[in-house]
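Structure data (compact mmCIF, C-alpha atoms) from run.txt:
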# COMPACT_ATOMS: atom_id res chain seq x y z
CA CYS K 1 42.23 24.98 7.80
CA ASP K 2 38.82 26.15 8.91
CA GLU K 3 36.36 24.09 10.93
CA GLY K 4 34.97 21.19 8.92
CA LYS K 5 38.22 20.81 6.96
CA TYR K 6 41.67 19.28 7.32
CA SER K 7 44.92 19.26 5.34
CA PRO K 8 47.28 16.31 5.07
CA VAL K 9 49.94 18.63 3.60
CA SER K 10 52.29 19.68 6.38
CA GLY K 11 53.28 23.34 6.40
CA SER K 12 51.02 24.35 3.53
CA LEU K 13 50.23 28.07 3.39
CA SER K 14 47.33 27.68 0.96
CA SER K 15 43.75 26.79 1.80
CA THR K 16 43.55 24.88 -1.46
CA THR K 17 45.08 21.88 0.29
CA CYS K 18 42.24 21.84 2.83
CA LEU K 19 39.82 18.96 2.28
CA ASP K 20 36.22 18.69 3.46
CA CYS K 21 35.30 16.26 6.19
CA ALA K 22 33.20 13.54 4.56
CA ALA K 23 29.43 13.32 4.76
CA GLY K 24 28.35 11.74 8.05
CA THR K 25 31.13 13.54 9.93
CA TYR K 26 31.90 16.99 11.32
CA LEU K 27 34.82 18.95 12.79
CA ASN K 28 34.39 21.91 15.14
CA SER K 29 38.07 22.82 15.47
CA THR K 30 40.64 24.39 13.15
CA GLY K 31 44.09 23.30 11.97
CA ALA K 32 43.34 19.59 11.60
CA PHE K 33 45.89 17.46 9.73
CA SER K 34 43.91 14.25 9.17
CA SER K 35 40.44 12.96 8.28
CA GLU K 36 40.61 11.06 11.56
CA SER K 37 39.98 14.38 13.28
CA CYS K 38 36.51 14.43 11.71
CA GLU K 39 34.02 13.00 14.22
CA LYS K 40 31.25 10.67 13.10
CA CYS K 41 27.59 11.50 13.62
CA CYS K 42 26.35 9.27 16.41
CA GLU K 43 23.80 6.47 16.06
CA GLY K 44 20.30 7.71 15.40
CA LYS K 45 21.58 10.60 13.28
CA TYR K 46 22.90 11.21 9.77
CA SER K 47 24.40 13.99 7.64
CA HIS K 48 24.84 14.37 3.89
CA THR K 49 26.80 17.63 4.33
CA LEU K 50 30.43 17.86 3.23
CA GLY K 51 32.73 19.95 5.42
CA ALA K 52 30.29 20.14 8.33
CA ALA K 53 31.66 22.35 11.11
CA SER K 54 29.25 21.37 13.85
CA PHE K 55 27.44 18.44 15.43
CA GLU K 56 24.25 20.30 14.50
CA ALA K 57 24.76 19.18 10.90
CA CYS K 58 23.85 15.67 12.08
CA GLN K 59 20.10 15.31 11.62
CA ASP K 60 17.88 13.10 13.76
CA CYS K 61 16.15 10.03 12.46
CA SER K 62 12.48 10.92 12.63
CA ALA K 63 10.01 9.55 15.17
CA GLY K 64 9.02 5.99 14.34
CA LYS K 65 12.55 5.20 13.19
CA TYR K 66 15.97 4.32 14.64
CA SER K 67 19.53 3.68 13.47
CA GLY K 68 22.55 1.80 14.76
CA VAL K 69 24.91 3.26 12.15
CA LEU K 70 27.78 5.58 13.13
CA GLY K 71 28.64 8.24 10.57
CA ALA K 72 25.48 7.67 8.54
CA THR K 73 25.21 9.76 5.40
CA SER K 74 21.53 9.33 4.57
CA ALA K 75 18.09 9.05 6.13
CA ASP K 76 17.89 5.69 4.38
CA THR K 77 19.91 4.22 7.26
CA CYS K 78 17.03 5.02 9.63
CA GLN K 79 14.98 1.85 10.03
CA ASN K 80 11.25 1.76 10.69
CA CYS K 81 9.80 0.45 13.91
CA GLY K 82 7.95 -2.67 12.83
CA ALA K 83 4.20 -3.12 12.65
CA GLY K 84 2.70 -3.45 16.13
CA LYS K 85 5.14 -0.88 17.51
CA TYR K 86 5.73 2.88 17.49
CA SER K 87 8.21 5.51 18.68
CA THR K 88 7.53 9.15 19.52
CA ILE K 89 11.20 10.11 20.02
CA VAL K 90 13.52 11.45 17.30
CA GLY K 91 17.20 10.47 17.01
CA GLN K 92 16.74 7.00 18.48
CA ASN K 93 19.69 4.63 18.33
CA ALA K 94 19.36 0.87 18.10
CA ALA K 95 20.70 0.36 21.61
CA SER K 96 18.05 2.54 23.25
CA GLU K 97 16.00 0.58 25.75
CA GLY K 98 12.50 0.10 24.42
CA VAL K 99 13.38 2.05 21.29
CA CYS K 100 10.11 0.92 19.69
CA VAL K 101 7.14 0.65 22.05
CA SER K 102 4.64 -2.18 21.62
CA CYS K 103 0.97 -1.46 21.10
CA ILE K 104 -0.91 -2.40 24.26
CA ALA K 105 -3.11 -5.48 24.60
CA GLY K 106 -6.48 -5.06 22.93
CA THR K 107 -4.95 -3.12 20.04
CA TYR K 108 -2.95 -3.79 16.88
CA SER K 109 -1.08 -1.82 14.21
CA GLU K 110 -0.28 -2.83 10.65
CA THR K 111 1.78 0.36 10.10
CA ASP K 112 5.57 0.38 9.74
CA GLY K 113 7.39 3.41 11.16
CA ALA K 114 4.50 4.60 13.33
CA SER K 115 5.31 7.75 15.30
CA SER K 116 2.39 7.64 17.74
CA ASP K 117 0.21 5.20 19.63
CA LEU K 118 -2.63 6.54 17.50
CA ALA K 119 -1.48 3.96 14.95
CA CYS K 120 -2.56 1.25 17.39
CA GLN K 121 -6.15 0.39 16.44
CA LYS K 122 -8.54 -1.14 18.95
CA CYS K 123 -9.79 -4.64 18.31
CA PRO K 124 -13.40 -4.33 17.13
CA LYS K 125 -16.50 -5.54 18.95
CA GLY K 126 -16.75 -9.30 19.18
CA LYS K 127 -12.97 -9.69 19.44
CA TYR K 128 -10.15 -9.34 21.98
CA ALA K 129 -6.33 -9.49 22.09
CA THR K 130 -4.20 -10.55 25.03
CA THR K 131 -0.81 -9.93 23.42
CA LEU K 132 1.39 -6.83 23.24
CA GLY K 133 2.62 -5.59 19.88
CA ALA K 134 -0.02 -7.24 17.71
CA ASP K 135 0.78 -6.45 14.07
CA SER K 136 -2.49 -7.53 12.47
CA GLU K 137 -6.21 -7.53 13.18
CA LEU K 138 -5.96 -11.28 12.65
CA LEU K 139 -4.41 -11.43 16.13
CA CYS K 140 -7.66 -10.11 17.60
CA MET K 141 -9.35 -13.35 18.63
CA MET K 142 -13.07 -13.86 18.15
CA CYS K 143 -15.51 -14.53 20.96
CA GLY K 144 -16.62 -18.13 20.68
CA ALA K 145 -19.99 -19.49 19.63
CA GLY K 146 -22.72 -18.80 22.16
CA LYS K 147 -21.10 -15.53 23.21
CA TYR K 148 -20.94 -11.88 22.15
CA SER K 149 -19.07 -8.71 23.08
CA SER K 150 -19.92 -5.05 22.46
CA ALA K 151 -16.57 -3.87 23.90
CA VAL K 152 -13.87 -2.38 21.66
CA GLY K 153 -10.21 -2.83 22.57
CA ALA K 154 -10.99 -5.82 24.77
CA VAL K 155 -7.94 -7.47 26.37
CA SER K 156 -9.42 -10.84 27.39
CA ASN K 157 -12.27 -13.23 26.68
CA SER K 158 -13.89 -12.17 29.96
CA THR K 159 -15.65 -9.45 27.92
CA CYS K 160 -17.36 -12.15 25.87
CA ARG K 161 -20.79 -12.57 27.47
CA SER K 162 -22.92 -15.68 27.16
CA CYS K 163 -26.17 -15.63 25.25
CA GLY K 164 -28.97 -15.79 27.79
CA ALA K 165 -31.15 -18.79 28.53
CA GLY K 166 -33.71 -19.31 25.78
CA LYS K 167 -31.23 -18.17 23.15
CA TYR K 168 -28.31 -19.57 21.15
CA SER K 169 -25.64 -18.49 18.68
CA GLY K 170 -23.64 -20.70 16.35
CA GLY K 171 -21.45 -17.93 14.96
CA VAL K 172 -18.13 -16.65 16.32
CA GLY K 173 -17.15 -13.01 16.76
CA SER K 174 -20.67 -11.84 17.55
CA ASN K 175 -20.68 -8.15 18.46
CA ASP K 176 -24.13 -7.65 19.92
CA GLU K 177 -26.66 -9.50 22.05
CA SER K 178 -29.12 -9.23 19.17
CA MET K 179 -27.03 -11.85 17.35
CA CYS K 180 -28.22 -14.44 19.89
CA GLN K 181 -31.23 -16.15 18.30
CA GLU K 182 -34.30 -17.05 20.29
CA CYS K 183 -35.61 -20.57 20.65
CA MET K 184 -38.76 -20.71 18.56
CA GLN K 185 -42.27 -20.72 20.01
CA GLY K 186 -43.04 -24.03 21.67
CA LYS K 187 -39.45 -24.62 22.72
CA TYR K 188 -37.31 -23.49 25.65
CA SER K 189 -33.73 -23.66 26.95
CA GLY K 190 -32.22 -23.10 30.38
CA VAL K 191 -28.67 -23.22 28.96
CA LEU K 192 -26.46 -20.13 29.07
CA GLY K 193 -24.16 -19.68 26.10
CA ALA K 194 -25.90 -22.27 23.95
CA THR K 195 -24.17 -22.76 20.61
CA SER K 196 -26.94 -24.33 18.55
CA GLU K 197 -30.70 -24.72 18.26
CA ALA K 198 -30.28 -28.25 19.57
CA ALA K 199 -30.22 -26.73 23.07
CA CYS K 200 -33.88 -25.70 22.60
CA MET K 201 -36.15 -28.41 24.04
CA ALA K 202 -39.73 -28.99 22.93
CA CYS K 203 -42.44 -28.17 25.43
CA GLN K 204 -44.42 -31.08 26.88
CA THR K 205 -47.56 -32.26 25.10
CA GLU K 206 -50.43 -29.78 25.17
CA THR K 207 -48.16 -27.01 26.49
CA THR K 208 -46.43 -24.20 24.69
CA SER K 209 -44.13 -21.23 25.35
CA PRO K 210 -43.31 -17.95 23.64
CA ALA K 211 -40.16 -17.55 21.61
CA GLY K 212 -37.01 -17.16 23.71
CA SER K 213 -38.40 -18.98 26.74
CA ASP K 214 -36.03 -20.30 29.35
CA GLU K 215 -38.46 -22.71 30.96

Would you kindly transcribe this structure into structure tokens?
Amino acid sequence: CDEGKYSPVSGSLSSTTCLDCAAGTYLNSTGAFSSESCEKCCEGKYSHTLGAASFEACQDCSAGKYSGVLGATSADTCQNCGAGKYSTIVGQNAASEGVCVSCIAGTYSETDGASSDLACQKCPKGKYATTLGADSELLCMMCGAGKYSSAVGAVSNSTCRSCGAGKYSGGVGSNDESMCQECMQGKYSGVLGATSEAACMACQTETTSPAGSDE
């Protein structure tokens, strides 16, 4: 029998007794007597071809996917890297170390089967993420009240800057200093990172101050 085929009929002189190796397998030698001679495509690959004569018939799972199945017959056996992860390499098997790479801190990805770190989106201004492999923007934590951040892709709350003296902010996730409100005219505050107007103190009798005063 030719490559990719075998015959269980001993001594047969006709090729009609030669059977194809099953999908998911191949055989690169001639004269095989058993289906056990057909070698399985390795993990991370698959083949729907009958009578394959070469390992090259085994196709790679695409980037962003992996498979732990030997002798797979369909691309459906290739599983997606989960959200928060990606893989740039084709033909990955489930045992590969770091088969799916986590998005770095300060980023997140809600995409399954991502094939590039371009799927990892930076946390927006006013937020930060300390964890690897974040799979939702909800894991980007907001700067607290009295603070703001104009940085994208921030990895810690150290990027959250305090509203200056004479100002306050009650909201969370502020993305610009302009979101810090000034104490009104006639009041002042020496507090950094004030979270409410209550930090603004009235000037003494017969004195006043411009809006946003710190003394």

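The space between atom CA of Ala63 of chain K and atom CA of Ser102 of chain K spans 14.4 Å.
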
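Proximity of K:Asn28, K:Ser169, K:Ser174, K:Ser109 to Cys200 of chain K, computed with only C-alpha atoms, is greatest for K:Ser169.
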
Select all residues near (20.5, 12.0, 16.9) (cut-off 12 Å, inclusive, file coordinates), counting only C-alpha atoms, and output them as a compact mmCIF listing (two decimals) with C-alpha atoms, keeping the file's coordinate frame.
# COMPACT_ATOMS: atom_id res chain seq x y z
CA GLY K 24 28.35 11.74 8.05
CA LYS K 40 31.25 10.67 13.10
CA CYS K 41 27.59 11.50 13.62
CA CYS K 42 26.35 9.27 16.41
CA GLU K 43 23.80 6.47 16.06
CA GLY K 44 20.30 7.71 15.40
CA LYS K 45 21.58 10.60 13.28
CA TYR K 46 22.90 11.21 9.77
CA SER K 47 24.40 13.99 7.64
CA PHE K 55 27.44 18.44 15.43
CA GLU K 56 24.25 20.30 14.50
CA ALA K 57 24.76 19.18 10.90
CA CYS K 58 23.85 15.67 12.08
CA GLN K 59 20.10 15.31 11.62
CA ASP K 60 17.88 13.10 13.76
CA CYS K 61 16.15 10.03 12.46
CA SER K 62 12.48 10.92 12.63
CA ALA K 63 10.01 9.55 15.17
CA LYS K 65 12.55 5.20 13.19
CA TYR K 66 15.97 4.32 14.64
CA SER K 67 19.53 3.68 13.47
CA GLY K 68 22.55 1.80 14.76
CA VAL K 69 24.91 3.26 12.15
CA LEU K 70 27.78 5.58 13.13
CA GLY K 71 28.64 8.24 10.57
CA ALA K 72 25.48 7.67 8.54
CA ALA K 75 18.09 9.05 6.13
CA CYS K 78 17.03 5.02 9.63
CA ILE K 89 11.20 10.11 20.02
CA VAL K 90 13.52 11.45 17.30
CA GLY K 91 17.20 10.47 17.01
CA GLN K 92 16.74 7.00 18.48
CA ASN K 93 19.69 4.63 18.33
CA ALA K 94 19.36 0.87 18.10
CA SER K 96 18.05 2.54 23.25

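The closest residue to Gly82 of chain K, picked from K:Ala165, K:Ala114, K:Ile104, K:Cys203 and counting only C-alpha atoms, is K:Ala114.
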
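Of the listed residues K:Thr195, K:Thr207, K:Thr16, K:Ser35, the one whose atoms come nearest to Cys183 of chain K is K:Thr195, with distances taken using only C-alpha atoms.
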
N, CA, C and O atoms modelled onto segment 101-124 of chain K, as an mmCIF file, in the frame of the given file:
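What ended up in part.cif:
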data_model
loop_
_atom_site.group_PDB
_atom_site.id
_atom_site.type_symbol
_atom_site.label_atom_id
_atom_site.label_comp_id
_atom_site.auth_asym_id
_atom_site.auth_seq_id
_atom_site.Cartn_x
_atom_site.Cartn_y
_atom_site.Cartn_z
ATOM 1 N N VAL K 101 8.097 1.038 21.006
ATOM 2 C CA VAL K 101 7.140 0.650 22.050
ATOM 3 C C VAL K 101 6.039 -0.210 21.452
ATOM 4 O O VAL K 101 5.494 0.121 20.387
ATOM 5 N N SER K 102 5.689 -1.289 22.114
ATOM 6 C CA SER K 102 4.640 -2.180 21.620
ATOM 7 C C SER K 102 3.258 -1.586 21.853
ATOM 8 O O SER K 102 3.002 -0.952 22.883
ATOM 9 N N CYS K 103 2.378 -1.790 20.884
ATOM 10 C CA CYS K 103 0.970 -1.460 21.100
ATOM 11 C C CYS K 103 0.461 -2.292 22.274
ATOM 12 O O CYS K 103 0.871 -3.437 22.464
ATOM 13 N N ILE K 104 -0.416 -1.709 23.065
ATOM 14 C CA ILE K 104 -0.910 -2.400 24.260
ATOM 15 C C ILE K 104 -1.874 -3.517 23.861
ATOM 16 O O ILE K 104 -2.370 -3.573 22.743
ATOM 17 N N ALA K 105 -2.140 -4.406 24.812
ATOM 18 C CA ALA K 105 -3.110 -5.480 24.600
ATOM 19 C C ALA K 105 -4.465 -4.863 24.226
ATOM 20 O O ALA K 105 -4.819 -3.775 24.683
ATOM 21 N N GLY K 106 -5.188 -5.563 23.376
ATOM 22 C CA GLY K 106 -6.480 -5.060 22.930
ATOM 23 C C GLY K 106 -6.393 -4.184 21.698
ATOM 24 O O GLY K 106 -7.408 -3.712 21.188
ATOM 25 N N THR K 107 -5.151 -3.947 21.227
ATOM 26 C CA THR K 107 -4.950 -3.120 20.040
ATOM 27 C C THR K 107 -3.965 -3.810 19.092
ATOM 28 O O THR K 107 -3.291 -4.770 19.459
ATOM 29 N N TYR K 108 -3.883 -3.272 17.875
ATOM 30 C CA TYR K 108 -2.950 -3.790 16.880
ATOM 31 C C TYR K 108 -2.581 -2.642 15.932
ATOM 32 O O TYR K 108 -3.277 -1.613 15.854
ATOM 33 N N SER K 109 -1.467 -2.793 15.223
ATOM 34 C CA SER K 109 -1.080 -1.820 14.210
ATOM 35 C C SER K 109 -0.409 -2.531 13.053
ATOM 36 O O SER K 109 0.520 -3.313 13.258
ATOM 37 N N GLU K 110 -0.865 -2.252 11.847
ATOM 38 C CA GLU K 110 -0.280 -2.830 10.650
ATOM 39 C C GLU K 110 0.659 -1.833 9.953
ATOM 40 O O GLU K 110 1.100 -2.059 8.836
ATOM 41 N N THR K 111 0.979 -0.729 10.668
ATOM 42 C CA THR K 111 1.780 0.360 10.100
ATOM 43 C C THR K 111 3.252 0.236 10.479
ATOM 44 O O THR K 111 3.584 0.111 11.661
ATOM 45 N N ASP K 112 4.131 0.292 9.487
ATOM 46 C CA ASP K 112 5.570 0.380 9.740
ATOM 47 C C ASP K 112 5.956 1.832 9.979
ATOM 48 O O ASP K 112 5.431 2.739 9.332
ATOM 49 N N GLY K 113 6.889 2.064 10.916
ATOM 50 C CA GLY K 113 7.390 3.410 11.160
ATOM 51 C C GLY K 113 6.385 4.327 11.837
ATOM 52 O O GLY K 113 6.433 5.548 11.643
ATOM 53 N N ALA K 114 5.516 3.778 12.649
ATOM 54 C CA ALA K 114 4.500 4.600 13.330
ATOM 55 C C ALA K 114 5.164 5.511 14.359
ATOM 56 O O ALA K 114 6.066 5.100 15.089
ATOM 57 N N SER K 115 4.714 6.757 14.416
ATOM 58 C CA SER K 115 5.310 7.750 15.300
ATOM 59 C C SER K 115 4.412 8.103 16.485
ATOM 60 O O SER K 115 4.716 9.019 17.242
ATOM 61 N N SER K 116 3.329 7.351 16.657
ATOM 62 C CA SER K 116 2.390 7.640 17.740
ATOM 63 C C SER K 116 1.572 6.400 18.051
ATOM 64 O O SER K 116 1.364 5.544 17.177
ATOM 65 N N ASP K 117 1.073 6.326 19.288
ATOM 66 C CA ASP K 117 0.210 5.200 19.630
ATOM 67 C C ASP K 117 -1.161 5.307 18.957
ATOM 68 O O ASP K 117 -1.972 4.387 19.046
ATOM 69 N N LEU K 118 -1.391 6.418 18.261
ATOM 70 C CA LEU K 118 -2.630 6.540 17.500
ATOM 71 C C LEU K 118 -2.686 5.527 16.356
ATOM 72 O O LEU K 118 -3.767 5.233 15.827
ATOM 73 N N ALA K 119 -1.525 4.998 15.989
ATOM 74 C CA ALA K 119 -1.480 3.960 14.950
ATOM 75 C C ALA K 119 -2.011 2.629 15.467
ATOM 76 O O ALA K 119 -2.343 1.740 14.679
ATOM 77 N N CYS K 120 -2.072 2.493 16.780
ATOM 78 C CA CYS K 120 -2.560 1.250 17.390
ATOM 79 C C CYS K 120 -4.096 1.274 17.405
ATOM 80 O O CYS K 120 -4.703 2.060 18.138
ATOM 81 N N GLN K 121 -4.699 0.451 16.567
ATOM 82 C CA GLN K 121 -6.150 0.390 16.440
ATOM 83 C C GLN K 121 -6.739 -0.597 17.445
ATOM 84 O O GLN K 121 -6.168 -1.655 17.689
ATOM 85 N N LYS K 122 -7.890 -0.238 17.987
ATOM 86 C CA LYS K 122 -8.540 -1.140 18.950
ATOM 87 C C LYS K 122 -9.181 -2.321 18.222
ATOM 88 O O LYS K 122 -9.733 -2.171 17.130
ATOM 89 N N CYS K 123 -9.069 -3.488 18.843
ATOM 90 C CA CYS K 123 -9.790 -4.640 18.310
ATOM 91 C C CYS K 123 -11.276 -4.302 18.290
ATOM 92 O O CYS K 123 -11.794 -3.686 19.233
ATOM 93 N N PRO K 124 -11.978 -4.679 17.227
ATOM 94 C CA PRO K 124 -13.400 -4.330 17.130
ATOM 95 C C PRO K 124 -14.272 -5.158 18.067
ATOM 96 O O PRO K 124 -13.804 -6.110 18.707
#
